[in-house]
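What follows is a short report on a single structure.
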Amino acid sequence: MSETTSGGGGDPLVIRHIEYLGPMESASAWRPEASLPEIAFAGRSNVGKSSLINRLVRRKALARVSSTPGRTRAVHFFRVNDDFVLVDLPGYGYAKISKERKAAWLPLIEGYLRTSRELRGIVQLLDVRHPPTEDDLRMLDFLAELGAPTVIAATKIDKLQRSARQARLEALATETGMDVEQIIPFSAVTGEGRDELAAAIMQVVQGPSWRGSEEAGT
(Lines give C-alpha, C1' and ligand atoms only; values in the text may rest on other atoms or scores of the structure.)
Protein backbone atom coordinates (compact mmCIF):
# COMPACT_ATOMS: atom_id res chain seq x y z
CA MET A 1 0.00 0.00 0.00
CA SER A 2 1.38 3.38 -0.93
CA GLU A 3 -0.19 6.82 -1.03
CA THR A 4 0.91 10.21 -2.27
CA THR A 5 -0.35 13.67 -1.40
CA SER A 6 0.88 17.23 -1.49
CA GLY A 7 1.22 19.62 1.36
CA GLY A 8 2.45 23.07 2.17
CA GLY A 9 2.49 25.88 4.64
CA GLY A 10 4.21 25.46 7.95
CA ASP A 11 3.43 21.77 8.40
CA PRO A 12 6.46 20.18 10.10
CA LEU A 13 5.57 16.82 8.54
CA VAL A 14 4.28 17.11 4.98
CA ILE A 15 3.24 13.64 3.87
CA ARG A 16 4.26 13.02 0.26
CA HIS A 17 4.45 9.24 0.24
CA ILE A 18 3.64 6.39 2.64
CA GLU A 19 4.30 2.72 2.01
CA TYR A 20 3.36 -0.19 4.24
CA LEU A 21 6.42 -2.43 4.53
CA GLY A 22 4.91 -5.35 6.42
CA PRO A 23 4.57 -6.89 9.89
CA MET A 24 7.04 -8.43 12.32
CA GLU A 25 5.14 -11.14 14.21
CA SER A 26 7.79 -12.32 16.68
CA ALA A 27 11.07 -11.05 18.03
CA SER A 28 13.02 -13.42 15.76
CA ALA A 29 10.78 -13.09 12.67
CA TRP A 30 11.22 -11.13 9.45
CA ARG A 31 11.36 -7.37 9.63
CA PRO A 32 12.22 -4.73 7.01
CA GLU A 33 15.85 -3.84 6.54
CA ALA A 34 16.76 -1.16 9.08
CA SER A 35 18.10 1.47 6.68
CA LEU A 36 16.14 4.58 7.75
CA PRO A 37 15.58 6.19 11.16
CA GLU A 38 12.63 4.64 13.00
CA ILE A 39 10.11 6.19 15.38
CA ALA A 40 7.92 3.77 17.36
CA PHE A 41 4.46 4.34 18.85
CA ALA A 42 3.53 2.58 22.09
CA GLY A 43 0.49 2.61 24.34
CA ARG A 44 -2.18 0.48 25.91
CA SER A 45 -4.80 -1.04 23.68
CA ASN A 46 -7.59 1.51 24.22
CA VAL A 47 -5.51 4.69 24.27
CA GLY A 48 -6.30 5.73 20.68
CA LYS A 49 -3.00 4.87 19.02
CA SER A 50 -4.38 4.02 15.59
CA SER A 51 -6.49 7.18 15.55
CA LEU A 52 -3.47 9.27 16.54
CA ILE A 53 -1.31 7.76 13.80
CA ASN A 54 -4.03 8.33 11.20
CA ARG A 55 -4.42 11.97 12.25
CA LEU A 56 -0.65 12.47 12.34
CA VAL A 57 -0.15 11.30 8.76
CA ARG A 58 -3.46 12.79 7.57
CA ARG A 59 -4.95 9.45 6.52
CA LYS A 60 -8.33 8.03 7.46
CA ALA A 61 -7.28 4.39 7.64
CA LEU A 62 -3.51 3.95 7.50
CA ALA A 63 -3.48 2.30 10.91
CA ARG A 64 -6.42 0.04 11.61
CA VAL A 65 -9.00 1.44 14.04
CA SER A 66 -10.95 -1.39 15.65
CA SER A 67 -13.90 -1.37 18.00
CA THR A 68 -12.16 -4.22 19.82
CA PRO A 69 -8.91 -3.14 21.53
CA GLY A 70 -5.93 -5.44 21.23
CA ARG A 71 -6.37 -6.35 17.57
CA THR A 72 -2.86 -5.23 16.56
CA ARG A 73 -0.89 -8.44 16.95
CA ALA A 74 2.38 -7.54 15.26
CA VAL A 75 4.86 -4.71 14.87
CA HIS A 76 3.84 -2.84 11.70
CA PHE A 77 6.27 -0.76 9.63
CA PHE A 78 5.41 2.21 7.37
CA ARG A 79 8.00 4.09 5.31
CA VAL A 80 7.26 7.83 5.29
CA ASN A 81 8.61 10.07 2.50
CA ASP A 82 11.68 7.79 2.21
CA ASP A 83 12.87 9.77 5.25
CA PHE A 84 11.94 7.56 8.20
CA VAL A 85 9.96 4.50 9.22
CA LEU A 86 6.89 4.79 11.46
CA VAL A 87 6.61 1.71 13.68
CA ASP A 88 3.24 0.76 15.18
CA LEU A 89 3.76 -1.48 18.23
CA PRO A 90 1.04 -3.82 19.55
CA GLY A 91 -1.15 -2.26 22.22
CA TYR A 92 -0.67 -3.61 25.70
CA GLY A 93 -2.72 -3.94 28.86
CA TYR A 94 -6.14 -4.93 27.50
CA ALA A 95 -7.77 -7.04 30.22
CA LYS A 96 -9.66 -9.37 27.87
CA ILE A 97 -6.57 -10.46 25.96
CA SER A 98 -5.51 -13.97 26.90
CA LYS A 99 -2.46 -14.50 29.10
CA GLU A 100 -0.89 -16.47 26.26
CA ARG A 101 -1.16 -13.54 23.86
CA LYS A 102 0.17 -11.11 26.45
CA ALA A 103 3.10 -13.45 27.07
CA ALA A 104 3.83 -13.49 23.32
CA TRP A 105 3.60 -9.71 22.90
CA LEU A 106 5.97 -8.79 25.72
CA PRO A 107 9.10 -10.27 24.09
CA LEU A 108 7.93 -8.93 20.72
CA ILE A 109 7.72 -5.33 21.95
CA GLU A 110 10.82 -5.49 24.14
CA GLY A 111 12.75 -7.41 21.47
CA TYR A 112 12.07 -4.74 18.88
CA LEU A 113 12.90 -1.85 21.21
CA ARG A 114 16.12 -3.45 22.43
CA THR A 115 17.50 -4.54 19.06
CA SER A 116 16.39 -2.06 16.38
CA ARG A 117 19.62 -0.27 15.56
CA GLU A 118 17.87 2.57 13.70
CA LEU A 119 15.34 3.35 16.44
CA ARG A 120 15.58 7.07 17.20
CA GLY A 121 12.81 7.38 19.78
CA ILE A 122 9.37 6.39 21.02
CA VAL A 123 6.05 8.20 21.18
CA GLN A 124 4.39 6.93 24.37
CA LEU A 125 0.62 7.48 24.45
CA LEU A 126 -1.26 8.08 27.70
CA ASP A 127 -4.97 8.78 28.13
CA VAL A 128 -5.07 12.26 29.62
CA ARG A 129 -8.30 11.52 31.50
CA HIS A 130 -6.84 8.84 33.75
CA PRO A 131 -3.72 8.19 35.83
CA PRO A 132 -1.19 5.92 34.11
CA THR A 133 -1.85 2.23 34.60
CA GLU A 134 0.72 -0.17 36.02
CA ASP A 135 1.43 -1.25 32.44
CA ASP A 136 2.00 2.39 31.41
CA LEU A 137 4.42 2.96 34.27
CA ARG A 138 6.19 -0.31 33.52
CA MET A 139 6.65 0.78 29.91
CA LEU A 140 7.97 4.20 30.96
CA ASP A 141 10.41 2.53 33.34
CA PHE A 142 11.55 0.22 30.55
CA LEU A 143 12.09 3.16 28.17
CA ALA A 144 14.05 4.99 30.88
CA GLU A 145 16.17 1.88 31.38
CA LEU A 146 16.89 1.78 27.65
CA GLY A 147 17.70 5.48 27.58
CA ALA A 148 15.55 5.95 24.50
CA PRO A 149 14.28 9.48 23.72
CA THR A 150 10.58 9.48 24.58
CA VAL A 151 7.80 11.85 23.55
CA ILE A 152 4.62 11.72 25.67
CA ALA A 153 1.34 12.27 23.84
CA ALA A 154 -1.67 12.81 26.11
CA THR A 155 -4.55 11.51 24.00
CA LYS A 156 -8.28 12.32 24.05
CA ILE A 157 -7.72 15.88 25.28
CA ASP A 158 -10.97 16.88 23.53
CA LYS A 159 -12.92 14.82 26.06
CA LEU A 160 -11.92 17.19 28.88
CA GLN A 161 -13.45 20.60 29.49
CA ARG A 162 -10.93 23.34 28.83
CA SER A 163 -11.06 24.43 32.45
CA ALA A 164 -9.90 20.96 33.53
CA ARG A 165 -7.13 20.40 31.01
CA GLN A 166 -4.16 22.13 32.62
CA ALA A 167 -4.78 20.53 36.01
CA ARG A 168 -5.00 17.09 34.43
CA LEU A 169 -1.83 17.64 32.39
CA GLU A 170 0.01 18.75 35.52
CA ALA A 171 -1.26 15.70 37.37
CA LEU A 172 -0.10 13.46 34.53
CA ALA A 173 3.34 15.06 34.68
CA THR A 174 3.54 14.36 38.40
CA GLU A 175 2.32 10.79 37.93
CA THR A 176 4.96 10.06 35.29
CA GLY A 177 7.83 12.11 36.72
CA MET A 178 7.89 14.32 33.61
CA ASP A 179 7.87 18.07 33.19
CA VAL A 180 4.48 19.24 31.96
CA GLU A 181 6.24 20.87 28.98
CA GLN A 182 7.31 17.38 27.87
CA ILE A 183 3.70 16.26 27.44
CA ILE A 184 1.88 17.07 24.21
CA PRO A 185 -1.94 17.22 24.53
CA PHE A 186 -3.46 15.54 21.49
CA SER A 187 -6.89 15.01 19.96
CA ALA A 188 -7.43 12.69 17.00
CA VAL A 189 -10.92 14.23 16.68
CA THR A 190 -10.03 17.92 16.42
CA GLY A 191 -6.37 17.66 15.37
CA GLU A 192 -5.19 19.59 18.43
CA GLY A 193 -1.51 18.87 19.05
CA ARG A 194 -0.93 17.30 15.64
CA ASP A 195 1.67 19.81 14.46
CA GLU A 196 3.37 19.93 17.87
CA LEU A 197 3.69 16.16 17.87
CA ALA A 198 4.88 16.12 14.25
CA ALA A 199 7.57 18.70 15.07
CA ALA A 200 8.73 16.70 18.09
CA ILE A 201 8.89 13.53 16.01
CA MET A 202 10.93 15.19 13.26
CA GLN A 203 13.37 16.54 15.84
CA VAL A 204 13.86 13.04 17.23
CA VAL A 205 14.08 11.41 13.79
CA GLN A 206 16.68 13.89 12.59
CA GLY A 207 18.80 13.54 15.72
CA PRO A 208 21.69 11.14 16.27
CA SER A 209 21.26 7.59 17.48
CA TRP A 210 20.91 7.34 21.26
CA ARG A 211 22.57 3.94 21.26
CA GLY A 212 26.31 3.60 21.80
CA SER A 213 28.38 3.34 18.64
CA GLU A 214 29.17 -0.33 19.26
CA GLU A 215 25.52 -1.19 19.93
CA ALA A 216 24.25 0.86 16.99
CA GLY A 217 26.49 -1.04 14.64
CA THR A 218 25.23 -4.48 15.65
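Letters for chains follow the order of the C-alpha coordinates (A, B, ...), residue numbers begin at 1 for each chain, and ligand numbers begin at 1 in the order shown.
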Report as a tab-separated table: every residue of segment 33-67 of chain A with an atom at most 10 Å from segment 129-147 of chain A, its closest pair of atoms, and their distance in Å to one decimal, counting only C-alpha atoms, with rows sorted by chain and ascending residue number.
```
residue	atom	partner	partner_atom	distance
A:Ala42	CA	A:Met139	CA	8.6
A:Gly43	CA	A:Asp136	CA	7.2
A:Arg44	CA	A:Asp136	CA	7.2
```
query: Near Arg59 of chain A, within 10 Å and counting only C-alpha atoms, which residues show up once chain neighbours fewer than 4 positions away are dropped, as a PyMOL selection string?
result: chain A and resi 3+15+18+51+53-55+63
message: What parts of segment 70-191 of chain A does DSSP call strand (DSSP E)? I'd like the answer as an NGL selection string.
response: :A and (75-80 or 84-88 or 119-127 or 150-155 or 183-185)
Emit the selected residues as a JSON list (two decimals), in the first residue's frame, including N, CA and C atoms.
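For reference, selection06.json as written:
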```json
[["chain", "number", "residue", "atom", "x", "y", "z"],
["A", 75, "VAL", "N", 4.22, -6.02, 15.05],
["A", 75, "VAL", "CA", 4.86, -4.71, 14.87],
["A", 75, "VAL", "C", 4.72, -4.37, 13.39],
["A", 76, "HIS", "N", 4.09, -3.23, 13.09],
["A", 76, "HIS", "CA", 3.84, -2.84, 11.70],
["A", 76, "HIS", "C", 4.74, -1.66, 11.32],
["A", 77, "PHE", "N", 5.29, -1.73, 10.10],
["A", 77, "PHE", "CA", 6.27, -0.76, 9.63],
["A", 77, "PHE", "C", 5.72, 0.00, 8.43],
["A", 78, "PHE", "N", 5.85, 1.35, 8.46],
["A", 78, "PHE", "CA", 5.41, 2.21, 7.37],
["A", 78, "PHE", "C", 6.56, 3.16, 7.01],
["A", 79, "ARG", "N", 6.97, 3.15, 5.76],
["A", 79, "ARG", "CA", 8.00, 4.09, 5.31],
["A", 79, "ARG", "C", 7.34, 5.40, 4.92],
["A", 80, "VAL", "N", 7.85, 6.51, 5.48],
["A", 80, "VAL", "CA", 7.26, 7.83, 5.29],
["A", 80, "VAL", "C", 8.24, 8.71, 4.51],
["A", 84, "PHE", "N", 11.91, 8.33, 6.97],
["A", 84, "PHE", "CA", 11.94, 7.56, 8.20],
["A", 84, "PHE", "C", 10.87, 6.48, 8.16],
["A", 85, "VAL", "N", 10.92, 5.59, 9.13],
["A", 85, "VAL", "CA", 9.96, 4.50, 9.22],
["A", 85, "VAL", "C", 9.14, 4.68, 10.50],
["A", 86, "LEU", "N", 7.83, 4.72, 10.35],
["A", 86, "LEU", "CA", 6.89, 4.79, 11.46],
["A", 86, "LEU", "C", 6.58, 3.35, 11.89],
["A", 87, "VAL", "N", 6.75, 3.07, 13.17],
["A", 87, "VAL", "CA", 6.61, 1.71, 13.68],
["A", 87, "VAL", "C", 5.45, 1.67, 14.68],
["A", 88, "ASP", "N", 4.43, 0.89, 14.35],
["A", 88, "ASP", "CA", 3.24, 0.76, 15.18],
["A", 88, "ASP", "C", 3.37, -0.51, 16.02],
["A", 119, "LEU", "N", 16.37, 2.71, 15.62],
["A", 119, "LEU", "CA", 15.34, 3.35, 16.44],
["A", 119, "LEU", "C", 15.87, 4.67, 17.01],
["A", 120, "ARG", "N", 15.16, 5.76, 16.72],
["A", 120, "ARG", "CA", 15.58, 7.07, 17.20],
["A", 120, "ARG", "C", 14.82, 7.49, 18.45],
["A", 121, "GLY", "N", 13.58, 6.98, 18.62],
["A", 121, "GLY", "CA", 12.81, 7.38, 19.78],
["A", 121, "GLY", "C", 11.44, 6.74, 19.76],
["A", 122, "ILE", "N", 10.69, 6.99, 20.84],
["A", 122, "ILE", "CA", 9.37, 6.39, 21.02],
["A", 122, "ILE", "C", 8.36, 7.47, 21.36],
["A", 123, "VAL", "N", 7.19, 7.39, 20.76],
["A", 123, "VAL", "CA", 6.05, 8.20, 21.18],
["A", 123, "VAL", "C", 5.21, 7.32, 22.10],
["A", 124, "GLN", "N", 5.16, 7.68, 23.38],
["A", 124, "GLN", "CA", 4.39, 6.93, 24.37],
["A", 124, "GLN", "C", 3.05, 7.63, 24.57],
["A", 125, "LEU", "N", 1.96, 6.91, 24.33],
["A", 125, "LEU", "CA", 0.62, 7.48, 24.45],
["A", 125, "LEU", "C", 0.04, 7.18, 25.82],
["A", 126, "LEU", "N", -0.56, 8.21, 26.43],
["A", 126, "LEU", "CA", -1.26, 8.08, 27.70],
["A", 126, "LEU", "C", -2.61, 8.78, 27.58],
["A", 127, "ASP", "N", -3.64, 8.17, 28.12],
["A", 127, "ASP", "CA", -4.97, 8.78, 28.13],
["A", 127, "ASP", "C", -4.99, 9.88, 29.18],
["A", 150, "THR", "N", 12.00, 9.79, 24.51],
["A", 150, "THR", "CA", 10.58, 9.48, 24.58],
["A", 150, "THR", "C", 9.75, 10.75, 24.54],
["A", 151, "VAL", "N", 8.77, 10.76, 23.65],
["A", 151, "VAL", "CA", 7.80, 11.85, 23.55],
["A", 151, "VAL", "C", 6.48, 11.34, 24.14],
["A", 152, "ILE", "N", 5.90, 12.10, 25.07],
["A", 152, "ILE", "CA", 4.62, 11.72, 25.67],
["A", 152, "ILE", "C", 3.49, 12.46, 24.97],
["A", 153, "ALA", "N", 2.54, 11.69, 24.43],
["A", 153, "ALA", "CA", 1.34, 12.27, 23.84],
["A", 153, "ALA", "C", 0.15, 11.95, 24.74],
["A", 154, "ALA", "N", -0.50, 12.98, 25.24],
["A", 154, "ALA", "CA", -1.67, 12.81, 26.11],
["A", 154, "ALA", "C", -2.91, 12.82, 25.23],
["A", 155, "THR", "N", -3.46, 11.65, 24.97],
["A", 155, "THR", "CA", -4.55, 11.51, 24.00],
["A", 155, "THR", "C", -5.90, 11.87, 24.60],
["A", 183, "ILE", "N", 4.91, 16.98, 27.79],
["A", 183, "ILE", "CA", 3.70, 16.26, 27.44],
["A", 183, "ILE", "C", 2.91, 17.05, 26.40],
["A", 184, "ILE", "N", 2.59, 16.41, 25.30],
["A", 184, "ILE", "CA", 1.88, 17.07, 24.21],
["A", 184, "ILE", "C", 0.41, 16.65, 24.24],
["A", 185, "PRO", "N", -0.52, 17.57, 24.57],
["A", 185, "PRO", "CA", -1.94, 17.22, 24.53],
["A", 185, "PRO", "C", -2.37, 17.00, 23.09]]
```
message: One decimal, in Å: what's the spacing between atom CA of Pro23 of chain A and atom CA of Arg73 of chain A?
response: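 So the two atoms, atom CA of Pro23 of chain A and atom CA of Arg73 of chain A, lie 9.1 Å apart.
Here atom CA of Asp83 of chain A stands at a distance of 6.6 Å from atom CA of Leu36 of chain A.
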task: Give the answer as one residue: which of A:Trp30, A:Arg194, A:Ala200, A:Arg168 has the shortest atom-to-atom distance to Gln182 of chain A, using only C-alpha atoms?
output: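 Once distances to Gln182 of chain A are computed over only C-alpha atoms, the minimum belongs to A:Ala200.
Proximity of A:Trp210, A:Ala198, A:Asp11, A:Ala173 to Arg114 of chain A, computed with only C-alpha atoms, is greatest for A:Trp210.
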- prompt: What does the distance between atom CA of Leu89 of chain A and atom CA of Phe41 of chain A come to in Å, to one decimal place?
  reply: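 Interatomic distance, atom CA of Leu89 of chain A to atom CA of Phe41 of chain A: 5.9 Å.
When only C-alpha atoms are used to compute distances to Gln203 of chain A, the closest of the residues A:Ile39, A:Glu19, A:Glu25, A:Lys49 turns out to be A:Ile39.
The closest residue to Gly191 of chain A, picked from A:Arg31, A:Arg117, A:Lys156, A:Arg211 and counting only C-alpha atoms, is A:Lys156.
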message: as a VMD selection string, please: every residue in segment 27-205 of chain A that DSSP puts in alpha helix (DSSP H).
response: chain A and resid 49 to 56 99 to 115 134 to 146 162 to 176 194 to 205
message: Measuring between only C-alpha atoms, which one of A:Asp195, A:Leu56, A:Ser209, A:Leu108 shows the shortest distance to Gly91 of chain A?
response: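 Of all the options, A:Leu108 lies closest to Gly91 of chain A.
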